[in-house]
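K.L.:
Dropping the structure in here first, questions after.
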4 protein chains.
Amino acid sequence: MKYTLNSKEVAEASREWLMKRGVRTEDIAELTYFLQKDYYDNLTMEECLSSVEQVLSKREVQNAILTGIQLDILSEQGKLMSPLQEMIENDEGLYGCDEILALSIVNVYGSIGLTNFGYIDKLKPGIVKELNDKNGERKHTFLDDIVGAIAASASSRIAHRKQEEKEKGMR
Amino acid sequence: MKYTLNSKEVAEASREWLMKRGVRTEDIAELTYFLQKDYYDNLTMEECLSSVEQVLSKREVQNAILTGIQLDILSEQGKLMSPLQEMIENDEGLYGCDEILALSIVNVYGSIGLTNFGYIDKLKPGIVKELNDKNGERKHTFLDDIVGAIAASASSRIAHRKQEEKEKGMR
Amino acid sequence: MKYTLNSKEVAEASREWLMKRGVRTEDIAELTYFLQKDYYDNLTMEECLSSVEQVLSKREVQNAILTGIQLDILSEQGKLMSPLQEMIENDEGLYGCDEILALSIVNVYGSIGLTNFGYIDKLKPGIVKELNDKNGERKHTFLDDIVGAIAASASSRIAHRKQEEKEKGMR
Amino acid sequence: MKYTLNSKEVAEASREWLMKRGVRTEDIAELTYFLQKDYYDNLTMEECLSSVEQVLSKREVQNAILTGIQLDILSEQGKLMSPLQEMIENDEGLYGCDEILALSIVNVYGSIGLTNFGYIDKLKPGIVKELNDKNGERKHTFLDDIVGAIAASASSRIAHRKQEEKEKGMR
């Protein structure tokens, strides 16, 4: 059978995999709210949620989600080759491909998201902390960075939109 | 006169411009120490300083320093064209070329520095806070990000070296 | 007077500066057509032009255009500090901040544009060749990379849209 | 057993995996020679080979090699989840995580390597063409980009070193 890309399938799979790995869009929206609430008095969770949804609709983001979660799952199952298996399984500090994939998400919404990504990755608020819990059976070496990157991207998007609204109001 | 690159001159100019703009290598080393002290009991300021010196010896880093400080100075003097002048002068949040130049510094030492860069940019410890003071005459729209990026890169370098030391000790 | 960002002004200025520096959107669209014509039989110049227009509407792209052209102009006027002046004036090969700014444009449309950017930068077709002519009075150290990056981004955008069209047709 | 990173093991594994996948350091050195021969009259294959070896000694590069080849192998074995399996197996044009990993290699040697990476990825000389042959059983969706990135990085390194030599000669 000849291969042909099915975009809807890619979009749906990335959403399902997030869910199966314990990440709801609401969890990511909460990170975005946490990042942006001090800058906009009238910011609502609905806006954050809607912004996260938009970020999730981008194919680059979907590709990074699918690839990162796949590597996480394989490392849980012990199916990667050594020493990649050990590095990913143990979230090795000198292994940076997780940050690389996350950066590709942030970049889609421009460099202003870099700061927020780094901040979340260090502070580990909300769902990021849960994903980082090394006591459970699950390994989220890639997913915690990816979730932080989606939240940071949604924050960039909100910054752009709030500016638009402000300029419209001034006309 | 035919142009020919003088690497020593580029290296020296980047060091001098940092000094003239109020940034000592010690100030950057303190940021690095702040970032890494919790991970290594025996970390010294000398190690941080030496790591910062190594980062400053890289040409990509020197290029970013010279370009960023040049734009800062021109914005202080009001010599940029509008609306670039206003965006840089006011450290516009939706202008991200300062983060872009900083990222090019971080990348030289690999993606593991991204987190530290974002964290410093958000927390603004030590010299970064001073550079961010908007009350003075000086504008450091580019320099604060560059300084954070150098400190983050020096941290990545330390992480790599500490691992080397550890492995040597285990032989 | 209090500063407030005027997005329309930024968008218009980036368009005007491109024109003043001798780059028409048609010139960039031709690069995009050159990059994509072999992949899509029915590709038209109108599609390429429309895609370039969309890329130019992104703020990250506008920021890079304004910053890059500003540095080009200042280098022409000899107003940068030495040795930055000499490096930009002579399009020094070991100075990479021009590629850095260009990369920030390409990244907005995802990593699939990287290849096209590199290819154009090396082959220098059409307007890129003219911008690279070192005999004239004008210096386009930044602009040639920026123009290549815009064309590469427009190509990525077309690849995404053609896939959309194809999938719609299959339903 | 407590996990502890073994750097030598990571370095050796990345070399072995390259070999097992049909890529010799000589093949990469030839790409570097192809990229740089027109710029330096006295360039030798030995220099190119030595430069490739240096690039391969960087951990970021080793991480990208191991991760990319692992995904290639899993896609050959049909062990990835759908639709990631189909996208990687068929080197889907809108899937860009292969370019992302390659970019992380190029970045270590600075932005001046971007052009060469893109050029090789488009032209597919030597070993890159072989890796791209879709008729065989092997899938090299990640590896062809990684090999191009290593060759581009080795080229950047040579550019830096040739400048050093030139400046030494002028003293």
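Chains: A, B, ... in order of the structure tokens. Residues: from 1 per chain. Ligands: from 1, in order shown.
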Pull out every residue of chain C sitting within 12 Å of chain D, counting only C-alpha atoms, and send them as a PDB file with N, CA, C and O atoms, in the first residue's frame.
P.N.:
ATOM      1  N   LEU C  35      12.603  27.146  -5.715  1.00  0.00           N
ATOM      2  CA  LEU C  35      12.787  26.051  -4.754  1.00  0.00           C
ATOM      3  C   LEU C  35      11.717  24.970  -4.874  1.00  0.00           C
ATOM      4  O   LEU C  35      11.963  23.802  -4.614  1.00  0.00           O
ATOM      5  N   TYR C  39       8.525  20.232  -7.382  1.00  0.00           N
ATOM      6  CA  TYR C  39       7.720  19.348  -6.535  1.00  0.00           C
ATOM      7  C   TYR C  39       6.221  19.454  -6.813  1.00  0.00           C
ATOM      8  O   TYR C  39       5.457  18.554  -6.509  1.00  0.00           O
ATOM      9  N   ASP C  91      31.533  41.134   5.134  1.00  0.00           N
ATOM     10  CA  ASP C  91      30.816  39.858   5.164  1.00  0.00           C
ATOM     11  C   ASP C  91      31.733  38.714   5.594  1.00  0.00           C
ATOM     12  O   ASP C  91      31.790  37.658   4.948  1.00  0.00           O
ATOM     13  N   GLU C  92      32.428  38.952   6.698  1.00  0.00           N
ATOM     14  CA  GLU C  92      33.390  37.986   7.251  1.00  0.00           C
ATOM     15  C   GLU C  92      32.758  36.594   7.416  1.00  0.00           C
ATOM     16  O   GLU C  92      31.698  36.467   8.032  1.00  0.00           O
ATOM     17  N   GLY C  93      33.431  35.595   6.890  1.00  0.00           N
ATOM     18  CA  GLY C  93      32.900  34.233   6.936  1.00  0.00           C
ATOM     19  C   GLY C  93      32.737  33.671   8.339  1.00  0.00           C
ATOM     20  O   GLY C  93      31.852  32.860   8.591  1.00  0.00           O
ATOM     21  N   LEU C  94      33.580  34.105   9.249  1.00  0.00           N
ATOM     22  CA  LEU C  94      33.499  33.582  10.616  1.00  0.00           C
ATOM     23  C   LEU C  94      32.569  34.420  11.501  1.00  0.00           C
ATOM     24  O   LEU C  94      32.463  34.179  12.697  1.00  0.00           O
ATOM     25  N   TYR C  95      31.910  35.406  10.912  1.00  0.00           N
ATOM     26  CA  TYR C  95      30.882  36.163  11.631  1.00  0.00           C
ATOM     27  C   TYR C  95      29.536  35.552  11.255  1.00  0.00           C
ATOM     28  O   TYR C  95      29.170  35.543  10.067  1.00  0.00           O
ATOM     29  N   GLY C  96      28.804  35.009  12.239  1.00  0.00           N
ATOM     30  CA  GLY C  96      27.589  34.258  11.899  1.00  0.00           C
ATOM     31  C   GLY C  96      26.287  34.855  12.406  1.00  0.00           C
ATOM     32  O   GLY C  96      25.242  34.194  12.354  1.00  0.00           O
ATOM     33  N   CYS C  97      26.308  36.098  12.875  1.00  0.00           N
ATOM     34  CA  CYS C  97      25.061  36.672  13.407  1.00  0.00           C
ATOM     35  C   CYS C  97      24.026  36.905  12.311  1.00  0.00           C
ATOM     36  O   CYS C  97      22.823  36.959  12.591  1.00  0.00           O
ATOM     37  N   ASP C  98      24.487  37.013  11.067  1.00  0.00           N
ATOM     38  CA  ASP C  98      23.536  37.136   9.965  1.00  0.00           C
ATOM     39  C   ASP C  98      22.770  35.817   9.782  1.00  0.00           C
ATOM     40  O   ASP C  98      21.546  35.820   9.638  1.00  0.00           O
ATOM     41  N   GLU C  99      23.471  34.706   9.851  1.00  0.00           N
ATOM     42  CA  GLU C  99      22.800  33.405   9.745  1.00  0.00           C
ATOM     43  C   GLU C  99      21.864  33.190  10.949  1.00  0.00           C
ATOM     44  O   GLU C  99      20.808  32.575  10.816  1.00  0.00           O
ATOM     45  N   ILE C 100      22.284  33.678  12.101  1.00  0.00           N
ATOM     46  CA  ILE C 100      21.477  33.524  13.316  1.00  0.00           C
ATOM     47  C   ILE C 100      20.117  34.211  13.148  1.00  0.00           C
ATOM     48  O   ILE C 100      19.065  33.632  13.447  1.00  0.00           O
ATOM     49  N   LEU C 101      20.139  35.446  12.694  1.00  0.00           N
ATOM     50  CA  LEU C 101      18.875  36.173  12.490  1.00  0.00           C
ATOM     51  C   LEU C 101      18.021  35.470  11.442  1.00  0.00           C
ATOM     52  O   LEU C 101      16.799  35.356  11.587  1.00  0.00           O
ATOM     53  N   ALA C 102      18.666  34.999  10.383  1.00  0.00           N
ATOM     54  CA  ALA C 102      17.936  34.302   9.323  1.00  0.00           C
ATOM     55  C   ALA C 102      17.287  33.028   9.867  1.00  0.00           C
ATOM     56  O   ALA C 102      16.138  32.708   9.543  1.00  0.00           O
ATOM     57  N   LEU C 103      18.025  32.323  10.711  1.00  0.00           N
ATOM     58  CA  LEU C 103      17.501  31.082  11.293  1.00  0.00           C
ATOM     59  C   LEU C 103      16.228  31.345  12.107  1.00  0.00           C
ATOM     60  O   LEU C 103      15.299  30.531  12.122  1.00  0.00           O
ATOM     61  N   SER C 104      16.181  32.498  12.759  1.00  0.00           N
ATOM     62  CA  SER C 104      14.995  32.814  13.568  1.00  0.00           C
ATOM     63  C   SER C 104      13.761  32.995  12.671  1.00  0.00           C
ATOM     64  O   SER C 104      12.632  32.788  13.112  1.00  0.00           O
ATOM     65  N   VAL C 106      13.436  31.227   9.650  1.00  0.00           N
ATOM     66  CA  VAL C 106      13.157  29.875   9.174  1.00  0.00           C
ATOM     67  C   VAL C 106      12.413  29.060  10.240  1.00  0.00           C
ATOM     68  O   VAL C 106      11.452  28.360   9.949  1.00  0.00           O
ATOM     69  N   ASN C 107      12.850  29.198  11.498  1.00  0.00           N
ATOM     70  CA  ASN C 107      12.279  28.404  12.590  1.00  0.00           C
ATOM     71  C   ASN C 107      10.775  28.586  12.761  1.00  0.00           C
ATOM     72  O   ASN C 107      10.091  27.674  13.213  1.00  0.00           O
ATOM     73  N   TYR C 109       8.563  28.636  10.636  1.00  0.00           N
ATOM     74  CA  TYR C 109       7.834  27.687   9.807  1.00  0.00           C
ATOM     75  C   TYR C 109       8.394  26.273   9.923  1.00  0.00           C
ATOM     76  O   TYR C 109       8.149  25.421   9.069  1.00  0.00           O
ATOM     77  N   GLY C 110       9.147  26.038  10.970  1.00  0.00           N
ATOM     78  CA  GLY C 110       9.602  24.681  11.255  1.00  0.00           C
ATOM     79  C   GLY C 110      10.890  24.288  10.574  1.00  0.00           C
ATOM     80  O   GLY C 110      11.327  24.918   9.605  1.00  0.00           O
ATOM     81  N   SER C 111      11.446  23.213  11.054  1.00  0.00           N
ATOM     82  CA  SER C 111      12.771  22.789  10.635  1.00  0.00           C
ATOM     83  C   SER C 111      12.856  22.354   9.181  1.00  0.00           C
ATOM     84  O   SER C 111      13.952  22.286   8.618  1.00  0.00           O
ATOM     85  N   ILE C 112      11.711  22.080   8.547  1.00  0.00           N
ATOM     86  CA  ILE C 112      11.800  21.589   7.167  1.00  0.00           C
ATOM     87  C   ILE C 112      12.314  22.680   6.217  1.00  0.00           C
ATOM     88  O   ILE C 112      12.706  22.383   5.091  1.00  0.00           O
ATOM     89  N   GLY C 113      12.367  23.919   6.662  1.00  0.00           N
ATOM     90  CA  GLY C 113      12.879  25.001   5.826  1.00  0.00           C
ATOM     91  C   GLY C 113      14.386  25.148   5.848  1.00  0.00           C
ATOM     92  O   GLY C 113      14.975  25.830   5.001  1.00  0.00           O
ATOM     93  N   LEU C 114      15.043  24.480   6.791  1.00  0.00           N
ATOM     94  CA  LEU C 114      16.493  24.613   6.951  1.00  0.00           C
ATOM     95  C   LEU C 114      17.263  24.282   5.686  1.00  0.00           C
ATOM     96  O   LEU C 114      18.208  24.968   5.311  1.00  0.00           O
ATOM     97  N   THR C 115      16.862  23.184   5.061  1.00  0.00           N
ATOM     98  CA  THR C 115      17.543  22.726   3.861  1.00  0.00           C
ATOM     99  C   THR C 115      17.461  23.763   2.747  1.00  0.00           C
ATOM    100  O   THR C 115      18.461  24.108   2.119  1.00  0.00           O
ATOM    101  N   ASN C 116      16.262  24.254   2.520  1.00  0.00           N
ATOM    102  CA  ASN C 116      16.089  25.250   1.461  1.00  0.00           C
ATOM    103  C   ASN C 116      16.871  26.520   1.749  1.00  0.00           C
ATOM    104  O   ASN C 116      17.423  27.145   0.842  1.00  0.00           O
ATOM    105  N   PHE C 117      16.923  26.925   3.001  1.00  0.00           N
ATOM    106  CA  PHE C 117      17.688  28.109   3.359  1.00  0.00           C
ATOM    107  C   PHE C 117      19.169  27.916   3.009  1.00  0.00           C
ATOM    108  O   PHE C 117      19.805  28.763   2.374  1.00  0.00           O
ATOM    109  N   GLY C 118      19.727  26.774   3.422  1.00  0.00           N
ATOM    110  CA  GLY C 118      21.137  26.508   3.159  1.00  0.00           C
ATOM    111  C   GLY C 118      21.430  26.431   1.670  1.00  0.00           C
ATOM    112  O   GLY C 118      22.453  26.919   1.188  1.00  0.00           O
ATOM    113  N   TYR C 119      20.506  25.835   0.957  1.00  0.00           N
ATOM    114  CA  TYR C 119      20.684  25.656  -0.491  1.00  0.00           C
ATOM    115  C   TYR C 119      20.737  27.007  -1.209  1.00  0.00           C
ATOM    116  O   TYR C 119      21.617  27.266  -2.037  1.00  0.00           O
ATOM    117  N   ILE C 120      19.809  27.882  -0.877  1.00  0.00           N
ATOM    118  CA  ILE C 120      19.772  29.227  -1.486  1.00  0.00           C
ATOM    119  C   ILE C 120      21.012  30.024  -1.119  1.00  0.00           C
ATOM    120  O   ILE C 120      21.606  30.726  -1.936  1.00  0.00           O
ATOM    121  N   ASP C 121      21.419  29.914   0.126  1.00  0.00           N
ATOM    122  CA  ASP C 121      22.563  30.667   0.613  1.00  0.00           C
ATOM    123  C   ASP C 121      23.831  30.268  -0.136  1.00  0.00           C
ATOM    124  O   ASP C 121      24.755  31.061  -0.298  1.00  0.00           O
ATOM    125  N   LYS C 122      23.887  29.033  -0.564  1.00  0.00           N
ATOM    126  CA  LYS C 122      25.071  28.515  -1.265  1.00  0.00           C
ATOM    127  C   LYS C 122      24.986  28.796  -2.768  1.00  0.00           C
ATOM    128  O   LYS C 122      25.965  29.211  -3.377  1.00  0.00           O
ATOM    129  N   LEU C 123      23.809  28.577  -3.338  1.00  0.00           N
ATOM    130  CA  LEU C 123      23.636  28.719  -4.784  1.00  0.00           C
ATOM    131  C   LEU C 123      23.487  30.171  -5.211  1.00  0.00           C
ATOM    132  O   LEU C 123      23.842  30.538  -6.325  1.00  0.00           O
ATOM    133  N   LYS C 124      22.910  30.979  -4.340  1.00  0.00           N
ATOM    134  CA  LYS C 124      22.690  32.396  -4.582  1.00  0.00           C
ATOM    135  C   LYS C 124      21.985  32.683  -5.913  1.00  0.00           C
ATOM    136  O   LYS C 124      22.532  33.362  -6.777  1.00  0.00           O
ATOM    137  N   ASP C 145      20.955  36.854   3.578  1.00  0.00           N
ATOM    138  CA  ASP C 145      20.518  35.707   4.383  1.00  0.00           C
ATOM    139  C   ASP C 145      19.041  35.813   4.754  1.00  0.00           C
ATOM    140  O   ASP C 145      18.320  34.815   4.769  1.00  0.00           O
ATOM    141  N   GLY C 148      16.884  34.931   1.758  1.00  0.00           N
ATOM    142  CA  GLY C 148      16.888  33.477   1.583  1.00  0.00           C
ATOM    143  C   GLY C 148      15.996  32.791   2.607  1.00  0.00           C
ATOM    144  O   GLY C 148      15.288  31.839   2.287  1.00  0.00           O
ATOM    145  N   ALA C 149      16.032  33.297   3.830  1.00  0.00           N
ATOM    146  CA  ALA C 149      15.226  32.701   4.898  1.00  0.00           C
ATOM    147  C   ALA C 149      13.731  32.918   4.658  1.00  0.00           C
ATOM    148  O   ALA C 149      12.916  32.023   4.921  1.00  0.00           O
ATOM    149  N   ALA C 152      12.726  30.505   1.953  1.00  0.00           N
ATOM    150  CA  ALA C 152      12.681  29.136   2.483  1.00  0.00           C
ATOM    151  C   ALA C 152      11.432  28.939   3.347  1.00  0.00           C
ATOM    152  O   ALA C 152      10.777  27.900   3.277  1.00  0.00           O
ATOM    153  N   SER C 155       8.456  28.563   1.253  1.00  0.00           N
ATOM    154  CA  SER C 155       8.445  27.214   0.686  1.00  0.00           C
ATOM    155  C   SER C 155       7.871  26.207   1.670  1.00  0.00           C
ATOM    156  O   SER C 155       7.081  25.334   1.295  1.00  0.00           O
ATOM    157  N   SER C 156       8.260  26.311   2.930  1.00  0.00           N
ATOM    158  CA  SER C 156       7.714  25.415   3.958  1.00  0.00           C
ATOM    159  C   SER C 156       6.204  25.583   4.033  1.00  0.00           C
ATOM    160  O   SER C 156       5.454  24.618   4.130  1.00  0.00           O
ATOM    161  N   ARG C 157       5.788  26.835   4.002  1.00  0.00           N
ATOM    162  CA  ARG C 157       4.359  27.130   4.086  1.00  0.00           C
ATOM    163  C   ARG C 157       3.597  26.501   2.904  1.00  0.00           C
ATOM    164  O   ARG C 157       2.524  25.928   3.083  1.00  0.00           O
ATOM    165  N   ILE C 158       4.168  26.571   1.729  1.00  0.00           N
ATOM    166  CA  ILE C 158       3.544  25.964   0.547  1.00  0.00           C
ATOM    167  C   ILE C 158       3.459  24.442   0.710  1.00  0.00           C
ATOM    168  O   ILE C 158       2.434  23.832   0.396  1.00  0.00           O
ATOM    169  N   ALA C 159       4.536  23.837   1.217  1.00  0.00           N
ATOM    170  CA  ALA C 159       4.530  22.379   1.422  1.00  0.00           C
ATOM    171  C   ALA C 159       3.376  21.972   2.351  1.00  0.00           C
ATOM    172  O   ALA C 159       2.683  20.986   2.095  1.00  0.00           O
ATOM    173  N   HIS C 160       3.180  22.752   3.404  1.00  0.00           N
ATOM    174  CA  HIS C 160       2.073  22.458   4.324  1.00  0.00           C
ATOM    175  C   HIS C 160       0.722  22.619   3.627  1.00  0.00           C
ATOM    176  O   HIS C 160      -0.180  21.802   3.776  1.00  0.00           O
ATOM    177  N   ARG C 161       0.572  23.689   2.858  1.00  0.00           N
ATOM    178  CA  ARG C 161      -0.718  23.963   2.208  1.00  0.00           C
ATOM    179  C   ARG C 161      -1.043  22.971   1.095  1.00  0.00           C
ATOM    180  O   ARG C 161      -2.200  22.588   0.915  1.00  0.00           O
ATOM    181  N   LYS C 162      -0.028  22.568   0.359  1.00  0.00           N
ATOM    182  CA  LYS C 162      -0.275  21.615  -0.716  1.00  0.00           C
ATOM    183  C   LYS C 162      -0.756  20.282  -0.126  1.00  0.00           C
ATOM    184  O   LYS C 162      -1.588  19.601  -0.718  1.00  0.00           O
ATOM    185  N   GLN C 163      -0.200  19.930   1.022  1.00  0.00           N
ATOM    186  CA  GLN C 163      -0.641  18.705   1.692  1.00  0.00           C
ATOM    187  C   GLN C 163      -2.108  18.834   2.104  1.00  0.00           C
ATOM    188  O   GLN C 163      -2.904  17.904   1.912  1.00  0.00           O
ATOM    189  N   GLU C 164      -2.457  19.978   2.663  1.00  0.00           N
ATOM    190  CA  GLU C 164      -3.860  20.246   3.043  1.00  0.00           C
ATOM    191  C   GLU C 164      -4.793  20.077   1.847  1.00  0.00           C
ATOM    192  O   GLU C 164      -5.821  19.410   1.923  1.00  0.00           O
TER     193      GLU C 164
END
K.L.:
Within 12 Å of A:Lys79, counting only C-alpha atoms, which residues qualify if same-chain residues fewer than 6 places away don't, as a PyMOL selection string?
P.N.:
(chain A and resi 70-73+85-86+88-89) or (chain D and resi 70-71+73-74+79-80)
K.L.:
Any chance you could export the current selection's all heavy atoms as a JSON list (two decimals), in the first residue's frame?
P.N.:
[["chain", "number", "residue", "atom", "x", "y", "z"],
["A", 70, "GLN", "N", 7.15, 8.57, 22.24],
["A", 70, "GLN", "CA", 7.59, 7.26, 21.77],
["A", 70, "GLN", "C", 8.88, 6.85, 22.45],
["A", 70, "GLN", "O", 9.03, 5.71, 22.90],
["A", 70, "GLN", "CB", 7.78, 7.30, 20.24],
["A", 70, "GLN", "CG", 8.33, 6.03, 19.66],
["A", 70, "GLN", "CD", 7.35, 4.86, 19.74],
["A", 70, "GLN", "OE1", 6.52, 4.66, 18.89],
["A", 70, "GLN", "NE2", 7.46, 4.07, 20.78],
["A", 71, "LEU", "N", 9.83, 7.78, 22.53],
["A", 71, "LEU", "CA", 11.11, 7.45, 23.16],
["A", 71, "LEU", "C", 10.92, 7.20, 24.66],
["A", 71, "LEU", "O", 11.56, 6.31, 25.23],
["A", 71, "LEU", "CB", 12.13, 8.57, 22.90],
["A", 71, "LEU", "CG", 12.65, 8.60, 21.45],
["A", 71, "LEU", "CD1", 13.34, 9.92, 21.12],
["A", 71, "LEU", "CD2", 13.63, 7.44, 21.20],
["A", 72, "ASP", "N", 10.04, 7.97, 25.30],
["A", 72, "ASP", "CA", 9.75, 7.74, 26.72],
["A", 72, "ASP", "C", 9.20, 6.32, 26.94],
["A", 72, "ASP", "O", 9.65, 5.60, 27.83],
["A", 72, "ASP", "CB", 8.71, 8.75, 27.22],
["A", 72, "ASP", "CG", 9.31, 10.11, 27.55],
["A", 72, "ASP", "OD1", 10.55, 10.21, 27.65],
["A", 72, "ASP", "OD2", 8.54, 11.08, 27.71],
["A", 73, "ILE", "N", 8.23, 5.95, 26.13],
["A", 73, "ILE", "CA", 7.60, 4.63, 26.28],
["A", 73, "ILE", "C", 8.61, 3.50, 26.05],
["A", 73, "ILE", "O", 8.70, 2.55, 26.82],
["A", 73, "ILE", "CB", 6.41, 4.48, 25.30],
["A", 73, "ILE", "CG1", 5.28, 5.44, 25.72],
["A", 73, "ILE", "CG2", 5.91, 3.04, 25.23],
["A", 73, "ILE", "CD1", 4.09, 5.46, 24.76],
["A", 85, "GLN", "N", 19.45, 3.65, 26.19],
["A", 85, "GLN", "CA", 18.45, 3.18, 27.15],
["A", 85, "GLN", "C", 18.68, 3.79, 28.54],
["A", 85, "GLN", "O", 17.79, 4.39, 29.13],
["A", 85, "GLN", "CB", 18.49, 1.65, 27.22],
["A", 85, "GLN", "CG", 17.66, 1.03, 28.32],
["A", 85, "GLN", "CD", 16.16, 1.24, 28.14],
["A", 85, "GLN", "OE1", 15.65, 1.22, 27.03],
["A", 85, "GLN", "NE2", 15.45, 1.47, 29.23],
["A", 86, "GLU", "N", 19.88, 3.64, 29.05],
["A", 86, "GLU", "CA", 20.19, 4.12, 30.40],
["A", 86, "GLU", "C", 20.11, 5.65, 30.49],
["A", 86, "GLU", "O", 19.63, 6.20, 31.48],
["A", 86, "GLU", "CB", 21.59, 3.65, 30.82],
["A", 86, "GLU", "CG", 21.69, 2.15, 31.05],
["A", 86, "GLU", "CD", 21.79, 1.36, 29.74],
["A", 86, "GLU", "OE1", 22.17, 1.95, 28.71],
["A", 86, "GLU", "OE2", 21.47, 0.15, 29.73],
["A", 88, "ILE", "N", 18.27, 7.80, 28.69],
["A", 88, "ILE", "CA", 16.89, 8.30, 28.66],
["A", 88, "ILE", "C", 16.13, 7.84, 29.90],
["A", 88, "ILE", "O", 15.43, 8.62, 30.55],
["A", 88, "ILE", "CB", 16.17, 7.86, 27.36],
["A", 88, "ILE", "CG1", 16.87, 8.48, 26.14],
["A", 88, "ILE", "CG2", 14.70, 8.28, 27.40],
["A", 88, "ILE", "CD1", 16.20, 8.21, 24.81],
["A", 89, "GLU", "N", 16.30, 6.59, 30.26],
["A", 89, "GLU", "CA", 15.63, 6.03, 31.44],
["A", 89, "GLU", "C", 15.94, 6.84, 32.69],
["A", 89, "GLU", "O", 15.09, 7.03, 33.56],
["A", 89, "GLU", "CB", 16.14, 4.58, 31.62],
["A", 89, "GLU", "CG", 15.39, 3.76, 32.63],
["A", 89, "GLU", "CD", 16.04, 2.38, 32.79],
["A", 89, "GLU", "OE1", 16.67, 1.90, 31.80],
["A", 89, "GLU", "OE2", 15.94, 1.80, 33.87],
["D", 70, "GLN", "N", 18.72, 5.07, 16.49],
["D", 70, "GLN", "CA", 17.75, 4.23, 17.20],
["D", 70, "GLN", "C", 16.36, 4.34, 16.55],
["D", 70, "GLN", "O", 15.68, 3.32, 16.33],
["D", 70, "GLN", "CB", 17.68, 4.67, 18.67],
["D", 70, "GLN", "CG", 16.61, 3.95, 19.46],
["D", 70, "GLN", "CD", 16.95, 2.49, 19.68],
["D", 70, "GLN", "OE1", 17.62, 2.12, 20.62],
["D", 70, "GLN", "NE2", 16.47, 1.62, 18.80],
["D", 71, "LEU", "N", 15.94, 5.56, 16.24],
["D", 71, "LEU", "CA", 14.63, 5.74, 15.61],
["D", 71, "LEU", "C", 14.61, 5.13, 14.20],
["D", 71, "LEU", "O", 13.61, 4.53, 13.80],
["D", 71, "LEU", "CB", 14.26, 7.23, 15.58],
["D", 71, "LEU", "CG", 13.88, 7.78, 16.97],
["D", 71, "LEU", "CD1", 13.91, 9.32, 16.99],
["D", 71, "LEU", "CD2", 12.48, 7.30, 17.39],
["D", 73, "ILE", "N", 16.34, 2.51, 13.18],
["D", 73, "ILE", "CA", 16.29, 1.05, 13.34],
["D", 73, "ILE", "C", 14.89, 0.59, 13.74],
["D", 73, "ILE", "O", 14.34, -0.37, 13.18],
["D", 73, "ILE", "CB", 17.33, 0.58, 14.39],
["D", 73, "ILE", "CG1", 18.76, 0.80, 13.84],
["D", 73, "ILE", "CG2", 17.11, -0.88, 14.77],
["D", 73, "ILE", "CD1", 19.87, 0.45, 14.84],
["D", 74, "LEU", "N", 14.29, 1.29, 14.70],
["D", 74, "LEU", "CA", 12.95, 0.92, 15.13],
["D", 74, "LEU", "C", 11.94, 1.04, 13.99],
["D", 74, "LEU", "O", 11.01, 0.23, 13.88],
["D", 74, "LEU", "CB", 12.52, 1.79, 16.32],
["D", 74, "LEU", "CG", 13.24, 1.46, 17.64],
["D", 74, "LEU", "CD1", 13.14, 2.63, 18.61],
["D", 74, "LEU", "CD2", 12.68, 0.19, 18.27],
["D", 79, "LYS", "N", 8.55, -1.10, 14.64],
["D", 79, "LYS", "CA", 8.21, -1.13, 16.06],
["D", 79, "LYS", "C", 7.73, 0.21, 16.63],
["D", 79, "LYS", "O", 7.52, 0.32, 17.85],
["D", 79, "LYS", "CB", 9.42, -1.62, 16.86],
["D", 79, "LYS", "CG", 9.68, -3.10, 16.68],
["D", 79, "LYS", "CD", 10.73, -3.60, 17.67],
["D", 79, "LYS", "CE", 10.94, -5.11, 17.52],
["D", 79, "LYS", "NZ", 12.21, -5.54, 18.11],
["D", 80, "LEU", "N", 7.59, 1.21, 15.79],
["D", 80, "LEU", "CA", 7.09, 2.49, 16.29],
["D", 80, "LEU", "C", 5.56, 2.49, 16.19],
["D", 80, "LEU", "O", 4.97, 1.74, 15.43],
["D", 80, "LEU", "CB", 7.68, 3.64, 15.47],
["D", 80, "LEU", "CG", 9.21, 3.74, 15.48],
["D", 80, "LEU", "CD1", 9.68, 4.79, 14.49],
["D", 80, "LEU", "CD2", 9.72, 4.06, 16.88]]
K.L.:
Just list the residues in stretch 33-106 of chain A DSSP gives alpha helix (DSSP H) on the backbone, as an MDAnalysis selection string.
P.N.:
chainID A and resid 33:36 45:56 59:76 84:89 97:106
K.L.:
So which residues touch stretch 9-12 of chain A within 7 Å, counting only C-alpha atoms, skipping near sequence neighbours fewer than 5 positions away, as a list in words?
P.N.:
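With the cut-off at 7 Å, the set is Ser57 and Gln62 of chain A; Pro83 of chain D.
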K.L.:
Might you pull out every residue within 10 Å of stretch 47-50 of chain A, with only C-alpha atoms counted and same-chain residues fewer than 6 positions away left off, and present them as a list in words?
P.N.:
Thr25, Glu26, Asp27, Ile28, Ala29, Glu30, Leu31, Thr32, Tyr33, Phe34, Gln36, Lys37, Leu56, Ala151, Ala154, Ser155, Arg157 and Ile158 of chain A
K.L.:
Which distance in Å separates atom CA of D:Tyr40 and atom CA of D:Met170, to one decimal?
P.N.:
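Between atom CA of D:Tyr40 and atom CA of D:Met170 the gap works out to 17.0 Å.
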